[in-house]
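Engineer: Just one file: model06.pdb, with PDB, C-alpha atoms.
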```
ATOM      1  CA  MET A   1     -73.206  39.030 -27.396
ATOM      2  CA  ARG A   2     -69.636  39.860 -28.424
ATOM      3  CA  LEU A   3     -70.326  43.555 -27.864
ATOM      4  CA  LEU A   4     -71.780  42.906 -24.407
ATOM      5  CA  HIS A   5     -68.800  40.734 -23.562
ATOM      6  CA  SER A   6     -66.337  43.423 -24.655
ATOM      7  CA  THR A   7     -68.109  45.997 -22.505
ATOM      8  CA  LEU A   8     -68.140  43.745 -19.454
ATOM      9  CA  SER A   9     -64.484  42.831 -20.012
ATOM     10  CA  LEU A  10     -63.568  46.494 -19.654
ATOM     11  CA  LYS A  11     -65.465  46.590 -16.380
ATOM     12  CA  HIS A  12     -63.705  43.490 -15.071
ATOM     13  CA  CYS A  13     -60.313  44.891 -16.052
ATOM     14  CA  LEU A  14     -60.966  47.522 -13.386
ATOM     15  CA  LEU A  15     -62.322  45.055 -10.827
ATOM     16  CA  SER A  16     -60.045  42.518  -9.175
ATOM     17  CA  ASP A  17     -61.196  39.134  -7.935
ATOM     18  CA  GLN A  18     -58.933  38.448  -4.980
ATOM     19  CA  ALA A  19     -60.480  35.021  -4.346
ATOM     20  CA  ARG A  20     -59.763  33.952  -7.964
ATOM     21  CA  PRO A  21     -56.695  35.906  -9.090
ATOM     22  CA  THR A  22     -55.850  33.476 -11.918
ATOM     23  CA  LEU A  23     -58.990  34.285 -13.908
ATOM     24  CA  SER A  24     -58.797  36.706 -16.816
ATOM     25  CA  ALA A  25     -61.120  39.704 -17.049
ATOM     26  CA  ASP A  26     -62.468  38.203 -20.278
ATOM     27  CA  TYR A  27     -63.448  34.985 -18.497
ATOM     28  CA  ARG A  28     -65.139  36.822 -15.630
ATOM     29  CA  ALA A  29     -67.082  38.906 -18.156
ATOM     30  CA  PHE A  30     -68.352  35.785 -19.899
ATOM     31  CA  GLU A  31     -69.253  34.240 -16.555
ATOM     32  CA  GLU A  32     -71.319  37.340 -15.752
ATOM     33  CA  ILE A  33     -73.224  36.983 -19.037
ATOM     34  CA  LEU A  34     -74.140  33.411 -18.117
ATOM     35  CA  ARG A  35     -75.302  34.454 -14.654
ATOM     36  CA  LEU A  36     -77.503  37.140 -16.227
ATOM     37  CA  ASN A  37     -79.071  34.515 -18.506
ATOM     38  CA  ALA A  38     -79.371  31.602 -16.097
ATOM     39  CA  ILE A  39     -81.970  28.974 -17.016
ATOM     40  CA  SER A  40     -84.951  28.988 -14.670
ATOM     41  CA  GLY A  41     -85.993  25.902 -12.722
ATOM     42  CA  ILE A  42     -87.891  22.950 -14.152
ATOM     43  CA  ASP A  43     -91.529  22.304 -13.234
ATOM     44  CA  PRO A  44     -91.551  18.553 -12.443
ATOM     45  CA  LEU A  45     -95.305  18.377 -13.069
ATOM     46  CA  ARG A  46     -95.033  19.420 -16.707
ATOM     47  CA  ASP A  47     -94.747  16.970 -19.588
ATOM     48  CA  PRO A  48     -91.001  16.264 -20.047
ATOM     49  CA  LEU A  49     -91.217  16.289 -23.845
ATOM     50  CA  SER A  50     -92.723  19.779 -23.909
ATOM     51  CA  ILE A  51     -89.913  21.036 -21.647
ATOM     52  CA  VAL A  52     -87.298  19.367 -23.830
ATOM     53  CA  LYS A  53     -88.726  21.012 -26.954
ATOM     54  CA  GLU A  54     -88.548  24.413 -25.246
ATOM     55  CA  ILE A  55     -84.928  23.788 -24.289
ATOM     56  CA  ARG A  56     -84.052  22.787 -27.858
ATOM     57  CA  SER A  57     -85.668  25.900 -29.322
ATOM     58  CA  SER A  58     -84.199  28.365 -26.816
ATOM     59  CA  VAL A  59     -80.696  27.079 -26.041
ATOM     60  CA  SER A  60     -78.092  26.954 -28.804
ATOM     61  CA  LEU A  61     -74.308  27.287 -28.777
ATOM     62  CA  ALA A  62     -74.598  28.891 -32.209
ATOM     63  CA  VAL A  63     -75.565  32.151 -30.503
ATOM     64  CA  ALA A  64     -72.177  32.276 -28.774
ATOM     65  CA  ILE A  65     -70.059  30.335 -31.288
ATOM     66  CA  PRO A  66     -71.426  30.955 -34.802
ATOM     67  CA  LYS A  67     -70.342  28.945 -37.825
ATOM     68  CA  PRO A  68     -67.797  30.758 -40.033
ATOM     69  CA  SER A  69     -69.047  31.353 -43.571
ATOM     70  CA  HIS A  70     -66.124  29.436 -45.087
ATOM     71  CA  CYS A  71     -66.753  26.308 -43.003
ATOM     72  CA  GLN A  72     -67.526  23.277 -45.169
ATOM     73  CA  ILE A  73     -70.330  21.015 -43.861
ATOM     74  CA  THR A  74     -71.438  17.912 -45.751
ATOM     75  CA  LYS A  75     -74.169  15.547 -44.590
ATOM     76  CA  GLN A  76     -73.713  11.797 -44.920
ATOM     77  CA  VAL A  77     -76.057   9.014 -43.860
ATOM     78  CA  PHE A  78     -74.115   6.042 -42.513
ATOM     79  CA  GLU A  79     -75.533   2.547 -42.490
ATOM     80  CA  HIS A  80     -74.585  -0.642 -40.671
ATOM     81  CA  ASP A  81     -76.728  -3.782 -40.660
ATOM     82  CA  GLY A  82     -79.812  -1.777 -41.651
ATOM     83  CA  HIS A  83     -79.182   0.837 -38.943
ATOM     84  CA  THR A  84     -78.852   4.350 -40.408
ATOM     85  CA  VAL A  85     -77.355   7.361 -38.629
ATOM     86  CA  ASP A  86     -77.081  10.967 -39.816
ATOM     87  CA  ALA A  87     -73.670  12.609 -39.531
ATOM     88  CA  PHE A  88     -71.934  15.717 -40.860
ATOM     89  CA  TRP A  89     -68.383  16.122 -42.133
ATOM     90  CA  VAL A  90     -67.018  19.445 -40.864
ATOM     91  CA  ASN A  91     -63.947  21.071 -42.414
ATOM     92  CA  HIS A  92     -62.567  24.530 -41.769
ATOM     93  CA  HIS A  93     -61.625  24.709 -45.450
ATOM     94  CA  GLN A  94     -61.926  22.478 -48.459
ATOM     95  CA  LYS A  95     -59.415  19.641 -48.196
ATOM     96  CA  ASN A  96     -58.081  17.691 -51.127
ATOM     97  CA  LEU A  97     -56.787  14.871 -48.926
ATOM     98  CA  PRO A  98     -58.877  11.673 -49.223
ATOM     99  CA  LYS A  99     -60.552  10.689 -45.958
ATOM    100  CA  GLU A 100     -58.641   7.414 -45.839
ATOM    101  CA  PHE A 101     -55.454   9.478 -45.266
ATOM    102  CA  ASP A 102     -56.924  12.155 -43.009
ATOM    103  CA  LYS A 103     -57.179  12.393 -39.240
ATOM    104  CA  ILE A 104     -60.807  12.232 -38.132
ATOM    105  CA  VAL A 105     -62.300  13.495 -34.878
ATOM    106  CA  LEU A 106     -65.544  11.631 -34.225
ATOM    107  CA  TYR A 107     -67.412  14.223 -32.162
ATOM    108  CA  PHE A 108     -70.303  13.636 -29.744
ATOM    109  CA  HIS A 109     -72.029  16.850 -28.728
ATOM    110  CA  GLY A 110     -73.271  17.719 -25.253
ATOM    111  CA  GLY A 111     -76.778  18.671 -24.208
ATOM    112  CA  GLY A 112     -77.791  16.166 -21.541
ATOM    113  CA  TYR A 113     -78.651  13.547 -24.194
ATOM    114  CA  LEU A 114     -81.811  15.593 -24.901
ATOM    115  CA  SER A 115     -80.590  18.559 -26.965
ATOM    116  CA  GLY A 116     -77.763  19.618 -29.292
ATOM    117  CA  ASP A 117     -77.273  19.267 -33.047
ATOM    118  CA  ILE A 118     -75.046  20.256 -35.946
ATOM    119  CA  ARG A 119     -76.454  23.793 -35.975
ATOM    120  CA  SER A 120     -75.410  24.323 -32.376
ATOM    121  CA  TYR A 121     -71.961  22.782 -32.646
ATOM    122  CA  SER A 122     -70.735  23.578 -36.161
ATOM    123  CA  GLY A 123     -68.934  26.773 -35.047
ATOM    124  CA  PHE A 124     -66.936  24.947 -32.376
ATOM    125  CA  GLU A 125     -66.311  21.905 -34.554
ATOM    126  CA  CYS A 126     -65.110  24.070 -37.434
ATOM    127  CA  HIS A 127     -62.587  25.665 -35.065
ATOM    128  CA  LEU A 128     -61.398  22.202 -33.987
ATOM    129  CA  SER A 129     -60.950  21.285 -37.652
ATOM    130  CA  GLN A 130     -58.739  24.314 -38.179
ATOM    131  CA  LEU A 131     -56.769  24.095 -34.929
ATOM    132  CA  PHE A 132     -56.183  20.333 -34.971
ATOM    133  CA  ASN A 133     -55.848  20.116 -38.780
ATOM    134  CA  VAL A 134     -58.433  17.334 -38.884
ATOM    135  CA  THR A 135     -61.795  16.530 -40.391
ATOM    136  CA  VAL A 136     -64.524  16.465 -37.746
ATOM    137  CA  LEU A 137     -67.381  13.996 -38.088
ATOM    138  CA  HIS A 138     -70.339  15.281 -36.079
ATOM    139  CA  VAL A 139     -72.685  12.471 -35.041
ATOM    140  CA  GLU A 140     -76.372  13.436 -34.958
ATOM    141  CA  TYR A 141     -77.222  10.709 -32.466
ATOM    142  CA  ARG A 142     -80.812  10.113 -31.388
ATOM    143  CA  LEU A 143     -82.001  12.090 -28.366
ATOM    144  CA  ILE A 144     -84.157  11.344 -25.338
ATOM    145  CA  PRO A 145     -87.028  11.175 -24.568
ATOM    146  CA  GLU A 146     -88.203  10.313 -28.103
ATOM    147  CA  HIS A 147     -85.461   7.680 -28.430
ATOM    148  CA  PRO A 148     -84.794   5.913 -25.122
ATOM    149  CA  PHE A 149     -81.214   5.409 -24.056
ATOM    150  CA  PRO A 150     -78.985   3.627 -25.107
ATOM    151  CA  ALA A 151     -80.122   4.543 -28.645
ATOM    152  CA  ALA A 152     -77.298   7.120 -28.691
ATOM    153  CA  VAL A 153     -74.709   4.402 -28.000
ATOM    154  CA  ASP A 154     -76.199   2.215 -30.744
ATOM    155  CA  ASP A 155     -75.847   5.134 -33.181
ATOM    156  CA  ALA A 156     -72.246   5.748 -32.131
ATOM    157  CA  ILE A 157     -71.270   2.112 -32.622
ATOM    158  CA  ALA A 158     -73.033   1.963 -36.005
ATOM    159  CA  ILE A 159     -71.034   5.013 -37.175
ATOM    160  CA  TYR A 160     -67.757   3.526 -35.916
ATOM    161  CA  ARG A 161     -68.387   0.179 -37.629
ATOM    162  CA  ALA A 162     -69.345   1.993 -40.849
ATOM    163  CA  LEU A 163     -66.094   3.978 -40.782
ATOM    164  CA  LEU A 164     -64.061   0.799 -40.381
ATOM    165  CA  ARG A 165     -65.993  -0.765 -43.257
ATOM    166  CA  HIS A 166     -65.154   2.293 -45.402
ATOM    167  CA  ASN A 167     -61.429   1.558 -44.950
ATOM    168  CA  ILE A 168     -60.885   4.206 -42.291
ATOM    169  CA  SER A 169     -58.148   2.914 -40.010
ATOM    170  CA  PRO A 170     -58.889   3.130 -36.251
ATOM    171  CA  SER A 171     -55.453   4.740 -35.891
ATOM    172  CA  GLN A 172     -56.827   7.744 -37.820
ATOM    173  CA  ILE A 173     -59.777   8.219 -35.463
ATOM    174  CA  LEU A 174     -59.951  10.299 -32.306
ATOM    175  CA  ILE A 175     -63.180  10.131 -30.315
ATOM    176  CA  MET A 176     -64.133  13.387 -28.598
ATOM    177  CA  GLY A 177     -67.124  14.690 -26.686
ATOM    178  CA  ASP A 178     -68.240  17.246 -24.136
ATOM    179  CA  SER A 179     -70.559  16.938 -21.135
ATOM    180  CA  ALA A 180     -73.109  14.191 -21.907
ATOM    181  CA  GLY A 181     -71.276  13.722 -25.206
ATOM    182  CA  GLY A 182     -68.139  13.044 -23.176
ATOM    183  CA  GLY A 183     -70.016  10.335 -21.314
ATOM    184  CA  LEU A 184     -71.229   8.969 -24.651
ATOM    185  CA  ALA A 185     -67.659   8.945 -25.981
ATOM    186  CA  LEU A 186     -66.582   6.786 -23.028
ATOM    187  CA  LEU A 187     -69.589   4.463 -23.343
ATOM    188  CA  THR A 188     -68.781   4.099 -27.043
ATOM    189  CA  VAL A 189     -65.184   3.033 -26.417
ATOM    190  CA  GLN A 190     -66.294   0.624 -23.689
ATOM    191  CA  THR A 191     -68.723  -0.924 -26.179
ATOM    192  CA  ILE A 192     -66.052  -1.035 -28.903
ATOM    193  CA  ILE A 193     -63.812  -3.009 -26.552
ATOM    194  CA  ALA A 194     -66.677  -5.264 -25.427
ATOM    195  CA  HIS A 195     -67.364  -6.084 -29.102
ATOM    196  CA  GLN A 196     -63.639  -6.748 -29.644
ATOM    197  CA  LEU A 197     -63.330  -4.059 -32.294
ATOM    198  CA  PRO A 198     -60.028  -2.192 -32.790
ATOM    199  CA  VAL A 199     -59.859   0.893 -30.577
ATOM    200  CA  PRO A 200     -59.374   4.462 -31.869
ATOM    201  CA  ARG A 201     -56.072   6.336 -31.551
ATOM    202  CA  GLY A 202     -57.236   8.387 -28.563
ATOM    203  CA  VAL A 203     -60.127   9.793 -26.539
ATOM    204  CA  ILE A 204     -60.702  13.426 -25.529
ATOM    205  CA  VAL A 205     -63.456  14.323 -23.074
ATOM    206  CA  ILE A 206     -64.395  17.818 -21.888
ATOM    207  CA  SER A 207     -66.297  17.919 -18.580
ATOM    208  CA  PRO A 208     -67.701  14.422 -19.175
ATOM    209  CA  GLN A 209     -70.821  13.289 -17.338
ATOM    210  CA  THR A 210     -69.627   9.890 -16.170
ATOM    211  CA  ASP A 211     -71.826   9.239 -13.110
ATOM    212  CA  LEU A 212     -75.578   9.660 -13.593
ATOM    213  CA  SER A 213     -76.168   8.626  -9.981
ATOM    214  CA  LEU A 214     -74.658  12.046  -9.153
ATOM    215  CA  SER A 215     -72.752  10.559  -6.237
ATOM    216  CA  GLY A 216     -69.734  12.865  -6.482
ATOM    217  CA  GLU A 217     -69.264  15.339  -3.642
ATOM    218  CA  SER A 218     -68.783  18.152  -6.170
ATOM    219  CA  TYR A 219     -72.535  18.123  -6.874
ATOM    220  CA  THR A 220     -72.814  19.727  -3.436
ATOM    221  CA  ARG A 221     -69.442  21.468  -3.162
ATOM    222  CA  ASN A 222     -69.771  23.383  -6.452
ATOM    223  CA  ARG A 223     -73.517  23.907  -6.400
ATOM    224  CA  LEU A 224     -73.158  27.702  -6.178
ATOM    225  CA  THR A 225     -70.075  28.147  -8.383
ATOM    226  CA  ASP A 226     -71.226  26.288 -11.519
ATOM    227  CA  VAL A 227     -72.745  28.845 -13.906
ATOM    228  CA  MET A 228     -73.477  26.290 -16.640
ATOM    229  CA  LEU A 229     -75.172  23.410 -14.831
ATOM    230  CA  ASN A 230     -77.325  23.157 -11.748
ATOM    231  CA  THR A 231     -77.912  20.046  -9.685
ATOM    232  CA  ASP A 232     -81.716  20.130  -9.888
ATOM    233  CA  MET A 233     -81.664  20.386 -13.683
ATOM    234  CA  THR A 234     -79.179  17.515 -13.882
ATOM    235  CA  LYS A 235     -81.331  15.338 -11.612
ATOM    236  CA  TRP A 236     -84.305  16.051 -13.879
ATOM    237  CA  MET A 237     -82.279  15.075 -16.958
ATOM    238  CA  VAL A 238     -81.345  11.759 -15.341
ATOM    239  CA  LYS A 239     -84.997  11.142 -14.477
ATOM    240  CA  VAL A 240     -85.990  11.754 -18.112
ATOM    241  CA  LEU A 241     -83.183   9.497 -19.345
ATOM    242  CA  MET A 242     -84.168   6.643 -17.041
ATOM    243  CA  GLY A 243     -87.854   7.197 -17.794
ATOM    244  CA  ILE A 244     -90.243   4.264 -17.830
ATOM    245  CA  ASN A 245     -87.985   2.169 -20.037
ATOM    246  CA  HIS A 246     -85.547   1.046 -17.359
ATOM    247  CA  PRO A 247     -87.592   0.425 -14.171
ATOM    248  CA  ASP A 248     -85.236  -2.305 -12.953
ATOM    249  CA  LEU A 249     -81.980  -0.402 -13.543
ATOM    250  CA  SER A 250     -80.288   2.302 -11.479
ATOM    251  CA  PRO A 251     -78.358   5.353 -12.760
ATOM    252  CA  ASP A 252     -75.063   3.851 -11.591
ATOM    253  CA  ASN A 253     -75.469   0.977 -14.051
ATOM    254  CA  PRO A 254     -72.540   0.969 -16.540
ATOM    255  CA  LEU A 255     -75.126   1.077 -19.333
ATOM    256  CA  PHE A 256     -75.654   4.761 -18.413
ATOM    257  CA  SER A 257     -72.635   5.741 -16.303
ATOM    258  CA  PRO A 258     -69.264   4.882 -17.840
ATOM    259  CA  LEU A 259     -67.491   5.573 -14.539
ATOM    260  CA  PHE A 260     -68.777   2.217 -13.293
ATOM    261  CA  GLY A 261     -67.720   0.344 -16.425
ATOM    262  CA  LYS A 262     -64.339  -1.119 -17.387
ATOM    263  CA  PHE A 263     -61.355   0.828 -18.734
ATOM    264  CA  GLU A 264     -58.910  -1.961 -19.484
ATOM    265  CA  GLY A 265     -57.801  -1.700 -23.107
ATOM    266  CA  PHE A 266     -58.593   2.014 -23.505
ATOM    267  CA  PRO A 267     -56.359   4.091 -25.783
ATOM    268  CA  PRO A 268     -54.658   7.248 -24.423
ATOM    269  CA  MET A 269     -57.104   9.709 -22.881
ATOM    270  CA  TYR A 270     -57.138  13.484 -22.407
ATOM    271  CA  ILE A 271     -59.588  14.580 -19.694
ATOM    272  CA  ILE A 272     -60.496  18.229 -19.041
ATOM    273  CA  VAL A 273     -62.611  19.607 -16.202
ATOM    274  CA  GLY A 274     -63.190  22.926 -14.438
ATOM    275  CA  THR A 275     -62.873  23.062 -10.669
ATOM    276  CA  ALA A 276     -66.020  25.229 -10.395
ATOM    277  CA  GLU A 277     -68.381  22.697 -11.988
ATOM    278  CA  ILE A 278     -70.715  20.234 -10.306
ATOM    279  CA  THR A 279     -69.361  17.407 -12.457
ATOM    280  CA  GLU A 280     -65.769  17.973 -11.286
ATOM    281  CA  ASP A 281     -65.668  14.693  -9.373
ATOM    282  CA  ASP A 282     -67.035  12.807 -12.410
ATOM    283  CA  SER A 283     -63.690  13.573 -14.067
ATOM    284  CA  ARG A 284     -61.449  13.147 -11.023
ATOM    285  CA  ARG A 285     -62.853   9.690 -10.309
ATOM    286  CA  LEU A 286     -62.607   8.835 -14.015
ATOM    287  CA  VAL A 287     -58.903   9.741 -13.987
ATOM    288  CA  ASN A 288     -58.248   7.505 -10.980
ATOM    289  CA  LYS A 289     -60.190   4.557 -12.364
ATOM    290  CA  ALA A 290     -58.614   4.780 -15.822
ATOM    291  CA  GLN A 291     -55.103   5.051 -14.385
ATOM    292  CA  ASP A 292     -55.769   2.049 -12.129
ATOM    293  CA  ALA A 293     -56.663   0.143 -15.321
ATOM    294  CA  GLY A 294     -53.316   1.065 -16.877
ATOM    295  CA  VAL A 295     -54.614   3.739 -19.254
ATOM    296  CA  ASP A 296     -52.280   6.544 -20.365
ATOM    297  CA  VAL A 297     -54.202   9.546 -18.983
ATOM    298  CA  THR A 298     -53.478  13.251 -19.397
ATOM    299  CA  PHE A 299     -55.572  15.340 -16.996
ATOM    300  CA  GLU A 300     -56.062  19.108 -17.180
ATOM    301  CA  GLU A 301     -58.055  20.946 -14.555
ATOM    302  CA  GLY A 302     -59.147  24.521 -15.131
ATOM    303  CA  LEU A 303     -58.813  26.348 -11.817
ATOM    304  CA  HIS A 304     -62.091  28.138 -10.982
ATOM    305  CA  LEU A 305     -63.391  27.420 -14.500
ATOM    306  CA  MET A 306     -66.901  26.394 -15.556
ATOM    307  CA  HIS A 307     -68.414  23.321 -17.160
ATOM    308  CA  ILE A 308     -67.237  22.811 -20.782
ATOM    309  CA  TYR A 309     -65.128  25.975 -20.533
ATOM    310  CA  PRO A 310     -62.892  25.200 -23.583
ATOM    311  CA  ILE A 311     -65.846  25.469 -25.976
ATOM    312  CA  PHE A 312     -66.056  29.249 -25.577
ATOM    313  CA  PHE A 313     -62.680  29.941 -27.192
ATOM    314  CA  LEU A 314     -63.912  33.182 -28.779
ATOM    315  CA  TYR A 315     -64.255  34.845 -25.395
ATOM    316  CA  TYR A 316     -61.338  34.133 -23.054
ATOM    317  CA  PRO A 317     -57.728  32.918 -23.131
ATOM    318  CA  GLU A 318     -58.278  30.054 -20.680
ATOM    319  CA  ALA A 319     -60.313  28.201 -23.322
ATOM    320  CA  ARG A 320     -57.778  28.861 -26.085
ATOM    321  CA  ASN A 321     -54.890  27.694 -23.889
ATOM    322  CA  THR A 322     -56.590  24.367 -23.140
ATOM    323  CA  LEU A 323     -57.469  23.750 -26.805
ATOM    324  CA  ASN A 324     -53.822  24.426 -27.691
ATOM    325  CA  ASN A 325     -52.759  21.896 -25.061
ATOM    326  CA  ILE A 326     -55.109  19.311 -26.569
ATOM    327  CA  ASN A 327     -53.647  20.008 -30.002
ATOM    328  CA  LYS A 328     -50.110  19.397 -28.723
ATOM    329  CA  TRP A 329     -51.284  16.106 -27.201
ATOM    330  CA  ILE A 330     -52.880  15.054 -30.501
ATOM    331  CA  GLN A 331     -49.636  15.745 -32.362
ATOM    332  CA  LYS A 332     -47.724  13.699 -29.753
ATOM    333  CA  ILE A 333     -49.903  10.600 -29.936
TER     334      ILE A 333
END
```
For this file, write the structure as structure tokens.
Structural biologist:
Amino acid sequence: MRLLHSTLSLKHCLLSDQARPTLSADYRAFEEILRLNAISGIDPLRDPLSIVKEIRSSVSLAVAIPKPSHCQITKQVFEHDGHTVDAFWVNHHQKNLPKEFDKIVLYFHGGGYLSGDIRSYSGFECHLSQLFNVTVLHVEYRLIPEHPFPAAVDDAIAIYRALLRHNISPSQILIMGDSAGGGLALLTVQTIIAHQLPVPRGVIVISPQTDLSLSGESYTRNRLTDVMLNTDMTKWMVKVLMGINHPDLSPDNPLFSPLFGKFEGFPPMYIIVGTAEITEDDSRRLVNKAQDAGVDVTFEEGLHLMHIYPIFFLYYPEARNTLNNINKWIQKI
């Protein structure tokens, strides 16, 4: 993949994009790779679980962002009130600092609540550990459809309570997530506040899915420019998430869509979105609602950039620049 990207980057160095002059040749090369490998449509008549299993076996970030050999990954099973959750400590290198003195990024992976795991995300999370000088705690939350929503939120809250019980101060914890994991990060903080628990130091969300009713205009406006997500696939994911377990609830219920929940009491937030993605308005409306609630919000929009664009830091400078901006924000707060 790196070789293909290098070859295509040379091509794009010779080809200008007058409609999008701010984009690097490296970014446009990566975008072309994604267009060449676009996921085909979903057959609505097929069994959802069989489709989900195919997605899990065929789609992995590890192909694009492999785990470095020196990355330290340690599994730990957390328990709270009889509820156990698997998680993985991720460090770029072996640290001697005890966890009670370390900064911890509690990370919720993307994947539409139906895919994603430590194998997929360890390469990216190891880079975050190095860049931010933190320990990352990857949460292996339960996925749909085997575990109906909000099982993922229950797992997130159990992990957070367990950390507090292990003498981890909330001021050490940053909660971070991308895509559906960004939505889960927001739902987690809303639940933390509802339970009157102390809030973490900050929240970072990359292209968060905040509105599962898909009411934002960007689902139409960016339908042809988003190379990562498509509207039909997202609608199918929402249908699977709602399933038969919530016949009396709608996707705009705050149980599923944090955009329609409360933001009073939130810690500082850093929100990132690309202007070419269908979920662009999920973030724009989130910014407005959080600011109206008095939250300290930093908002970064990637002009002409795709869904979860900062994750692919190995391939183009736009991703690296945004991750550096997040790092500066972390040091500030």
Engineer: With only C-alpha atoms as the atoms that count, which of A:Pro66, A:Pro200, A:Pro145, A:Gly82 lies nearest to Ser120 (chain A)?
Structural biologist: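 Closest residue, counting only C-alpha atoms: A:Pro66.
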Engineer: So which one's closest to Glu140 (chain A), A:Ile173, A:Val85, A:Cys126, A:Leu229? Using all atoms listed in the file, please.
Structural biologist: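 The closest residue to Glu140 (chain A) is A:Val85.
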Engineer: Applied to the shown file, which residues does the PyMOL selection byres ((chain A and resi 321) around 12) return, written as a count of residues only?
Structural biologist: 23
Engineer: For the structure provided, state which residues fall under the PyMOL selection byres ((chain A and resi 178-183) around 9), and present them as a ChimeraX atom specification.
Structural biologist: /A:107-113,176-177,184-188,204-211,256-259,279,307-308,311
Engineer: Take every atom of region 171-186 of chain A listed in the file, pad by 8 Å on each side, and give me the axis-aligned box centre and edge lengths in Å, one decimal, as AutoDock Vina command-line options.
Structural biologist:
```
--center_x -64.3 --center_y 11.0 --center_z -29.5 --size_x 33.7 --size_y 28.5 --size_z 32.7
```
Engineer: Show me, as JSON lines, the residues of region 82-155 of chain A having an atom within 12 Å of region 30-51 of chain A, each with the closest atom pair and its distance in Å, using only C-alpha atoms.
Structural biologist:
```
{"residue": "A:Leu114", "atom": "CA", "partner": "A:Leu49", "partner_atom": "CA", "distance": 9.5}
{"residue": "A:Ser115", "atom": "CA", "partner": "A:Ile51", "partner_atom": "CA", "distance": 11.0}
{"residue": "A:Leu143", "atom": "CA", "partner": "A:Leu49", "partner_atom": "CA", "distance": 11.1}
{"residue": "A:Ile144", "atom": "CA", "partner": "A:Leu49", "partner_atom": "CA", "distance": 8.7}
{"residue": "A:Pro145", "atom": "CA", "partner": "A:Leu49", "partner_atom": "CA", "distance": 6.7}
{"residue": "A:Glu146", "atom": "CA", "partner": "A:Leu49", "partner_atom": "CA", "distance": 7.9}
{"residue": "A:His147", "atom": "CA", "partner": "A:Leu49", "partner_atom": "CA", "distance": 11.3}
```
Engineer: If I take CA of Trp236 (chain A) and CA of Lys262 (chain A), how far is one from the other in Å, to one decimal?
Structural biologist: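 Separation of CA of Trp236 (chain A) and CA of Lys262 (chain A): 26.6 Å.
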Engineer: Which residue is closest to His70 (chain A)? Choose from A:Asp102, A:Arg221, A:Asn91, A:Glu125 and count all atoms listed in the file.
Structural biologist: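 Selected residue with least distance to His70 (chain A): A:Asn91.
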Engineer: In Å, with one decimal, what is the gap from CA of Phe78 (chain A) to CA of Ile168 (chain A)?
Structural biologist: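 Going from CA of Phe78 (chain A) over to CA of Ile168 (chain A) covers 13.4 Å.
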Engineer: To one decimal place, how far is CA of Leu15 (chain A) from CA of Ile272 (chain A) in Å?
Structural biologist: 28.1 Å
Engineer: Take the point (-62.1, 7.5, -12.9) as written in the file and pick out every residue within 12 Å of it, counting only C-alpha atoms; give the list as JSON, numbers by chain.
Structural biologist: {"A": [183, 186, 208, 209, 210, 211, 216, 257, 258, 259, 260, 261, 262, 263, 264, 269, 271, 280, 281, 282, 283, 284, 285, 286, 287, 288, 289, 290, 291, 292, 293, 294, 295, 297, 299]}
Engineer: Expand the PyMOL selection byres ((chain A and resi 250) around 12) into the explicit residue set it covers here, and present it as a ChimeraX atom specification.
Structural biologist: /A:211-214,238-239,241-249,251-257,260
Engineer: Have a look at A:His127, A:Leu174, A:Gly116, A:Pro68 and name the one nearest to Lys53 (chain A); count only C-alpha atoms.
Structural biologist: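 Looking only at the distances to Lys53 (chain A), the closest residue turns out to be A:Gly116.
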Engineer: Would you please work out which residue, of A:Lys67, A:Ala156, A:Gln130, A:Val136, is nearest to Thr84 (chain A) when using only C-alpha atoms?
Structural biologist: A:Ala156
Engineer: Between A:Leu137, A:Ala152, A:Met306, A:Leu23, which one has atoms that come closest to Gln76 (chain A), using only C-alpha atoms?
Structural biologist: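 Counting only C-alpha atoms, the residue closest to Gln76 (chain A) is A:Leu137.
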Engineer: Residues at most 12 Å from Leu164 (chain A), counting only C-alpha atoms, excluding those fewer than 3 positions away in the same chain, as a PDB file with C-alpha atoms, in the frame of the given file?
Structural biologist:
```pdb
ATOM      1  CA  PHE A  78     -74.115   6.042 -42.513  1.00  0.00           C
ATOM      2  CA  GLU A  79     -75.533   2.547 -42.490  1.00  0.00           C
ATOM      3  CA  HIS A  80     -74.585  -0.642 -40.671  1.00  0.00           C
ATOM      4  CA  LYS A  99     -60.552  10.689 -45.958  1.00  0.00           C
ATOM      5  CA  GLU A 100     -58.641   7.414 -45.839  1.00  0.00           C
ATOM      6  CA  ILE A 157     -71.270   2.112 -32.622  1.00  0.00           C
ATOM      7  CA  ALA A 158     -73.033   1.963 -36.005  1.00  0.00           C
ATOM      8  CA  ILE A 159     -71.034   5.013 -37.175  1.00  0.00           C
ATOM      9  CA  TYR A 160     -67.757   3.526 -35.916  1.00  0.00           C
ATOM     10  CA  ARG A 161     -68.387   0.179 -37.629  1.00  0.00           C
ATOM     11  CA  ASN A 167     -61.429   1.558 -44.950  1.00  0.00           C
ATOM     12  CA  ILE A 168     -60.885   4.206 -42.291  1.00  0.00           C
ATOM     13  CA  SER A 169     -58.148   2.914 -40.010  1.00  0.00           C
ATOM     14  CA  PRO A 170     -58.889   3.130 -36.251  1.00  0.00           C
ATOM     15  CA  SER A 171     -55.453   4.740 -35.891  1.00  0.00           C
ATOM     16  CA  GLN A 172     -56.827   7.744 -37.820  1.00  0.00           C
ATOM     17  CA  ILE A 173     -59.777   8.219 -35.463  1.00  0.00           C
ATOM     18  CA  ILE A 192     -66.052  -1.035 -28.903  1.00  0.00           C
ATOM     19  CA  LEU A 197     -63.330  -4.059 -32.294  1.00  0.00           C
ATOM     20  CA  PRO A 198     -60.028  -2.192 -32.790  1.00  0.00           C
ATOM     21  CA  VAL A 199     -59.859   0.893 -30.577  1.00  0.00           C
ATOM     22  CA  PRO A 200     -59.374   4.462 -31.869  1.00  0.00           C
TER      23      PRO A 200
END
```
